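Taking it in order: structure first as structure tokens, then the write-up.
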Amino acid sequence: MKNISIKTIETNGRSMFIYWLEFLKPYHKLANKETEALATLLYYRHELSKEISNEKHIHKLLFSSDIRNKVRADLGDMKSGVFNNLLTTLRKKKVLSKDNKILPALIPNMGPESNGFKLVFNFEINERK
């Protein structure tokens, strides 16, 4: 088939969310540390979804002290104040809502037990642009 190019990326669960956000960079325009923080939150969100099906509970637990401490540790033992400033930046960029919900468009549509994910881009070429 012409006009189709397929590539496979072998990755682990954590890195998958970094790749996901890197591919979506034209949409969210986050800086590297912001991308890393959001990818880590997405990873823990996915882990929570394996045991919890209620979205409200997932959002609430994602920003609990326990998970926040894990995220900070994963980000190089980030100080609490620095982490809070980072979350504020993500809210200002409308990636997080005021009530700490991740923008749905940035949450990959994958089930809790998924061991793969496909992201499809349709490039519409407009010669006039």
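We name chains A, B, ... following the order of the structure tokens; residues begin at 1 in each chain, and ligands are numbered from 1 as shown.
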
**OP:** Determine, counting only C-alpha atoms, which protein, DNA and RNA residues have an atom within 10 Å of an atom of region 90-93 of chain A; residues of the same chain fewer than 5 positions away are not included. Present the result as a PyMOL selection string.
**Re:** chain A and resi 28-30+34-35+37-38+84-85+98-103

Save out the residues we just selected, C-alpha atoms, as a PDB file, in the first residue's frame.
```
ATOM      1  CA  HIS A  28       0.915  20.589  23.787  1.00  0.00           C
ATOM      2  CA  LYS A  29       4.302  22.364  23.337  1.00  0.00           C
ATOM      3  CA  LEU A  30       5.527  21.370  26.810  1.00  0.00           C
ATOM      4  CA  GLU A  34       6.982  19.322  31.960  1.00  0.00           C
ATOM      5  CA  THR A  35       6.791  16.426  29.492  1.00  0.00           C
ATOM      6  CA  ALA A  37       6.367  15.091  34.772  1.00  0.00           C
ATOM      7  CA  LEU A  38       3.196  14.584  32.722  1.00  0.00           C
ATOM      8  CA  ASN A  84       4.016  22.231  43.002  1.00  0.00           C
ATOM      9  CA  ASN A  85       5.347  24.966  40.702  1.00  0.00           C
ATOM     10  CA  LYS A  98      -7.841  23.324  38.250  1.00  0.00           C
ATOM     11  CA  ASP A  99      -9.174  20.175  39.908  1.00  0.00           C
ATOM     12  CA  ASN A 100      -6.116  18.151  38.767  1.00  0.00           C
ATOM     13  CA  LYS A 101      -7.583  16.259  35.845  1.00  0.00           C
ATOM     14  CA  ILE A 102      -5.290  15.558  32.911  1.00  0.00           C
ATOM     15  CA  LEU A 103      -6.545  16.897  29.588  1.00  0.00           C
TER      16      LEU A 103
END
```

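Residues in contact with Asn109 (chain A) at 12 Å, where only C-alpha atoms are counted and same-chain residues fewer than 4 positions away are skipped, are listed as Phe17, Trp20, Leu42, His46, Ser49, Pro104, Ala105, Glu113, Ser114, Gly116, Phe117, Lys118 and Leu119 of chain A.
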
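Interatomic distance, CA of Leu41 (chain A) against CA of Leu61 (chain A): 11.1 Å.
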